[in-house]
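Asker: Sharing query30.tsv (TSV, C-alpha atoms) below.
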```
chain	number	residue	atom	x	y	z
A	1	MET	CA	79.89	117.41	89.70
A	2	GLN	CA	81.03	120.71	88.25
A	3	GLU	CA	83.01	121.55	91.38
A	4	LEU	CA	85.42	118.71	90.66
A	5	PHE	CA	87.08	121.11	88.24
A	6	ASP	CA	88.17	123.14	91.27
A	7	PHE	CA	90.94	120.60	91.77
A	8	LYS	CA	93.00	122.29	89.06
A	9	GLN	CA	92.81	125.55	90.96
A	10	PHE	CA	93.57	123.64	94.15
A	11	GLU	CA	96.62	122.08	92.47
A	12	ASN	CA	97.85	125.51	91.35
A	13	GLU	CA	97.41	126.86	94.88
A	14	LEU	CA	99.52	124.03	96.30
A	15	LYS	CA	102.23	124.70	93.71
A	16	ILE	CA	102.29	128.37	94.69
A	17	ARG	CA	102.77	127.26	98.30
A	18	CYS	CA	105.72	125.14	97.12
A	19	TYR	CA	104.35	121.76	98.15
A	20	SER	CA	106.24	118.82	96.65
A	21	GLU	CA	104.86	117.05	93.59
A	22	GLN	CA	104.21	113.89	95.60
A	23	THR	CA	102.33	115.79	98.32
A	24	ILE	CA	100.16	117.51	95.72
A	25	LYS	CA	99.32	114.16	94.11
A	26	SER	CA	98.40	112.68	97.50
A	27	TYR	CA	96.19	115.62	98.51
A	28	ILE	CA	94.27	115.54	95.23
A	29	PHE	CA	93.99	111.73	95.32
A	30	PHE	CA	92.31	111.60	98.75
A	31	ASN	CA	89.95	114.46	97.97
A	32	LYS	CA	88.83	112.81	94.74
A	33	LYS	CA	88.32	109.49	96.53
A	34	LEU	CA	86.21	111.20	99.19
A	35	LEU	CA	83.87	112.64	96.55
A	36	GLU	CA	83.63	109.29	94.76
A	37	PHE	CA	82.79	107.56	98.04
A	38	SER	CA	80.22	110.10	99.24
A	39	LYS	CA	78.79	110.90	95.77
A	40	LYS	CA	78.58	114.55	96.79
A	41	SER	CA	80.04	117.83	95.61
A	42	PRO	CA	82.77	119.53	97.69
A	43	ARG	CA	80.31	122.15	98.97
A	44	SER	CA	78.00	119.42	100.26
A	45	ILE	CA	80.60	117.34	102.12
A	46	THR	CA	80.07	117.15	105.88
A	47	LYS	CA	82.16	116.04	108.83
A	48	GLN	CA	80.18	112.79	108.95
A	49	ASP	CA	81.02	112.09	105.29
A	50	ILE	CA	84.70	112.37	106.09
A	51	LYS	CA	84.41	110.14	109.16
A	52	LYS	CA	82.53	107.50	107.12
A	53	TYR	CA	85.22	107.61	104.45
A	54	ILE	CA	88.01	107.20	107.02
A	55	LEU	CA	86.18	104.24	108.57
A	56	ASN	CA	85.87	102.73	105.10
A	57	MET	CA	89.64	103.17	104.61
A	58	ILE	CA	90.23	101.23	107.82
A	59	ASP	CA	87.61	98.49	107.34
A	60	THR	CA	88.12	97.89	103.61
A	61	TYR	CA	91.82	98.58	103.08
A	62	GLY	CA	93.29	98.25	106.58
A	63	ALA	CA	94.61	101.82	106.40
A	64	LYS	CA	97.35	102.59	108.92
A	65	PRO	CA	97.61	105.79	111.03
A	66	ALA	CA	100.13	107.40	108.64
A	67	THR	CA	97.74	106.98	105.70
A	68	ILE	CA	94.76	108.19	107.72
A	69	ASN	CA	96.65	111.28	108.85
A	70	LEU	CA	97.70	112.04	105.28
A	71	ALA	CA	94.03	111.85	104.23
A	72	ILE	CA	92.98	114.15	107.09
A	73	ALA	CA	95.69	116.64	106.12
A	74	SER	CA	94.41	116.50	102.54
A	75	PHE	CA	90.86	117.31	103.64
A	76	ARG	CA	91.92	120.09	105.97
A	77	ILE	CA	93.93	121.98	103.41
A	78	TYR	CA	91.24	121.60	100.74
A	79	TYR	CA	88.14	122.36	102.80
A	80	ARG	CA	89.50	124.65	105.49
A	81	ASP	CA	92.24	126.54	103.63
A	82	PHE	CA	91.06	126.41	100.01
A	83	LEU	CA	87.25	126.35	100.25
A	84	LYS	CA	87.16	128.29	103.55
A	85	ARG	CA	84.82	125.79	105.18
A	86	ARG	CA	85.27	125.43	108.94
A	87	PHE	CA	83.88	122.02	109.89
A	88	LEU	CA	87.05	119.96	110.32
A	89	ASN	CA	88.57	121.49	113.44
A	90	ASP	CA	87.45	118.70	115.78
A	91	ILE	CA	88.55	115.76	113.59
A	92	ARG	CA	91.61	114.44	115.39
A	93	ARG	CA	94.66	112.87	113.80
A	94	ALA	CA	95.14	109.13	114.28
A	95	LYS	CA	97.51	108.01	117.02
A	96	PRO	CA	100.79	107.06	115.31
A	97	GLU	CA	102.09	103.51	115.49
A	98	GLN	CA	105.15	102.94	117.64
A	99	HIS	CA	107.86	101.13	115.69
A	100	GLN	CA	111.34	100.24	116.79
A	101	PRO	CA	113.72	100.87	113.89
A	102	VAL	CA	115.37	97.83	112.33
A	103	VAL	CA	119.12	98.40	112.48
A	104	LEU	CA	121.40	96.09	110.54
A	105	THR	CA	124.78	95.15	111.97
A	106	LYS	CA	128.04	96.04	110.26
A	107	ASN	CA	128.57	92.37	109.40
A	108	GLU	CA	125.13	92.17	107.78
A	109	ILE	CA	125.82	95.25	105.65
A	110	ASN	CA	129.22	93.87	104.63
A	111	GLU	CA	127.58	90.59	103.63
A	112	MET	CA	125.01	92.47	101.52
A	113	ILE	CA	127.80	94.33	99.75
A	114	LYS	CA	129.78	91.11	99.29
A	115	GLN	CA	126.78	89.33	97.73
A	116	THR	CA	126.13	92.19	95.28
A	117	LYS	CA	128.03	91.61	92.02
A	118	ASN	CA	126.97	94.75	90.12
A	119	PHE	CA	129.52	97.39	91.17
A	120	LYS	CA	127.09	100.30	90.78
A	121	HIS	CA	124.63	98.53	93.08
A	122	LYS	CA	127.42	97.69	95.52
A	123	LEU	CA	128.38	101.38	95.59
A	124	LEU	CA	124.78	102.36	96.17
A	125	ILE	CA	124.49	100.14	99.26
A	126	GLU	CA	127.80	101.56	100.57
A	127	LEU	CA	126.41	105.07	100.20
A	128	LEU	CA	123.10	104.34	101.91
A	129	TYR	CA	124.85	102.68	104.84
A	130	SER	CA	127.73	105.13	105.29
A	131	SER	CA	125.72	108.33	104.92
A	132	GLY	CA	122.20	107.48	106.07
A	133	LEU	CA	120.69	109.13	102.99
A	134	ARG	CA	117.07	108.61	102.03
A	135	VAL	CA	116.68	106.61	98.83
A	136	SER	CA	115.32	109.64	96.98
A	137	GLU	CA	118.38	111.64	98.02
A	138	ALA	CA	120.77	108.90	96.90
A	139	VAL	CA	119.33	108.60	93.39
A	140	ASN	CA	119.36	112.39	92.97
A	141	LEU	CA	122.97	112.78	94.10
A	142	LYS	CA	125.07	114.63	91.53
A	143	ILE	CA	128.83	114.38	91.06
A	144	GLU	CA	129.20	118.16	91.34
A	145	ASN	CA	127.77	118.02	94.87
A	146	ILE	CA	130.50	115.76	96.25
A	147	TYR	CA	133.57	117.16	98.02
A	148	PHE	CA	135.88	114.19	97.49
A	149	LYS	CA	138.76	115.48	99.60
A	150	ASP	CA	136.57	116.25	102.61
A	151	LYS	CA	134.26	113.22	102.15
A	152	ILE	CA	131.23	115.51	102.26
A	153	LEU	CA	128.04	115.37	100.17
A	154	ILE	CA	125.72	118.31	99.60
A	155	ILE	CA	122.14	117.07	99.55
A	156	LYS	CA	120.10	119.51	97.50
A	157	LYS	CA	116.47	120.05	98.48
A	158	GLY	CA	116.21	117.08	100.82
A	159	LYS	CA	113.36	116.67	103.29
A	160	GLY	CA	111.60	119.99	103.76
A	161	LYS	CA	113.28	121.20	100.54
A	162	LYS	CA	116.35	122.16	102.56
A	163	ASP	CA	119.99	121.70	101.56
A	164	ARG	CA	122.27	119.95	104.03
A	165	TYR	CA	125.80	118.53	104.33
A	166	VAL	CA	126.40	114.82	104.95
A	167	ILE	CA	129.66	113.06	105.81
A	168	THR	CA	130.35	109.75	104.07
A	169	SER	CA	133.04	107.06	104.41
A	170	ASN	CA	136.57	106.75	103.04
A	171	LYS	CA	135.62	103.46	101.39
A	172	PHE	CA	132.68	104.96	99.54
A	173	ILE	CA	134.76	107.87	98.23
A	174	LYS	CA	137.60	105.56	97.18
A	175	ASP	CA	135.23	103.19	95.36
A	176	LEU	CA	133.34	106.10	93.82
A	177	VAL	CA	136.52	107.58	92.33
A	178	GLY	CA	137.30	104.27	90.63
A	179	PHE	CA	133.70	103.95	89.45
A	180	LEU	CA	133.65	107.42	87.90
A	181	GLU	CA	137.00	106.91	86.18
A	182	GLU	CA	135.43	104.05	84.22
A	183	ARG	CA	132.53	106.15	83.01
A	184	LYS	CA	132.72	107.91	79.65
A	185	ASP	CA	129.39	109.75	79.75
A	186	LYS	CA	128.47	113.29	80.77
A	187	ASN	CA	125.50	112.38	82.96
A	188	PRO	CA	125.63	114.60	86.09
A	189	TYR	CA	124.14	111.93	88.38
A	190	VAL	CA	126.21	109.35	90.25
A	191	PHE	CA	123.78	106.49	89.67
A	192	ILE	CA	122.74	106.40	86.02
A	193	SER	CA	119.65	104.59	84.79
A	194	ASN	CA	120.33	101.75	82.36
A	195	GLN	CA	117.08	102.52	80.54
A	196	ASN	CA	117.66	106.27	80.23
A	197	LEU	CA	121.34	107.23	80.14
A	198	GLU	CA	120.45	110.88	80.67
A	199	SER	CA	118.62	110.20	83.93
A	200	HIS	CA	119.22	108.41	87.25
A	201	LEU	CA	118.02	105.21	88.91
A	202	THR	CA	114.46	105.20	90.17
A	203	ILE	CA	113.52	104.74	93.82
A	204	ARG	CA	111.79	101.49	92.88
A	205	THR	CA	115.01	100.13	91.33
A	206	VAL	CA	117.01	100.98	94.46
A	207	GLU	CA	114.44	99.27	96.67
A	208	GLU	CA	114.73	96.13	94.53
A	209	VAL	CA	118.55	96.28	94.68
A	210	VAL	CA	118.52	96.45	98.49
A	211	LYS	CA	115.86	93.75	98.77
A	212	SER	CA	117.84	91.43	96.51
A	213	ALA	CA	121.09	92.02	98.40
A	214	ALA	CA	119.38	91.32	101.73
A	215	LYS	CA	117.88	88.11	100.40
A	216	LYS	CA	121.24	86.90	99.09
A	217	ALA	CA	122.78	87.71	102.47
A	218	ASN	CA	120.03	85.70	104.22
A	219	ILE	CA	118.69	88.77	106.03
```
Represent the structure of the file as structure tokens.
Answerer:
Amino acid sequence: MQELFDFKQFENELKIRCYSEQTIKSYIFFNKKLLEFSKKSPRSITKQDIKKYILNMIDTYGAKPATINLAIASFRIYYRDFLKRRFLNDIRRAKPEQHQPVVLTKNEINEMIKQTKNFKHKLLIELLYSSGLRVSEAVNLKIENIYFKDKILIIKKGKGKKDRYVITSNKFIKDLVGFLEERKDKNPYVFISNQNLESHLTIRTVEEVVKSAAKKANI
């Protein structure tokens, strides 16, 4: 399928529109999977092909509404905006699931911190709890973006690629000062990777840290 090479042009178009790297990967992923499933070229894809693929996502992989809606968004921007094909207007987004957020108590958070022996990991949990940052924002936090006196963090290019100010706790700032005084490196990030001293912790590592702390705290 010669038209598969259009995905490079599609990728460049998304970059020009300033979509995030993860969004670009997702949009290309679903469009490639649709072509593999239908065994057609992009110019031959129909609305029924897309509906069959979405049903296959549900029946084979148990795809949830959020995943289905991401796939639909991928198809819309590729076929409607990029290829200028107008056959997707009546494909509706999936009804989102209704979830009640799981909120941990202060005692549970304190127990997680208490059970965490690695001070960097302890500090990380303090930050996530006191500031409400997303994990991606926490790992990308730089020392230069912390106003220690005012207990304010500047989150650069957070959700929607917007900067914003976040207030954190006295305890986090106090512990952070002691943590940074022990460091001898010039890494600009607060949470340094043990594998790459010039980079920061990965999202996966943070998820494992939190999971481990919760398990030790019997949560």
Asker: Which residues are near A:Lys106? Cut-off 10 Å, only C-alpha atoms, ignore same chain within fewer than 5 positions. Put them as a PDB file with C-alpha atoms, in the frame of the given file.
Answerer:
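The file below, around04.pdb, is the result:
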```
ATOM      1  CA  GLU A 111     127.580  90.590 103.630  1.00  0.00           C
ATOM      2  CA  MET A 112     125.010  92.470 101.520  1.00  0.00           C
ATOM      3  CA  TYR A 129     124.850 102.680 104.840  1.00  0.00           C
TER       4      TYR A 129
END
```
Asker: From the options A:Leu14, A:Ile203, A:Leu34, A:Val102, which residue's atoms come nearest to A:Ala71, counting all atoms listed in the file?
Answerer: A:Leu34
Asker: For A:Phe82, which residue out of A:Leu127, A:Asp59, A:Arg17, A:Asn140 is the nearest one, using only C-alpha atoms?
Answerer: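 Answer, going by the shortest atom-to-atom distance: A:Arg17.
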Asker: Would you compute the distance between atom CA of A:Ile77 and atom CA of A:Phe7? Give it in Å to one decimal.
Answerer: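 For atom CA of A:Ile77 relative to atom CA of A:Phe7, the distance reads 12.1 Å.
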Asker: As an exercise, work out the distance from atom CA of A:Lys156 to atom CA of A:Thr67 in Å and give it to one decimal place.
Answerer: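 Computing it gives 26.9 Å between the two atoms.
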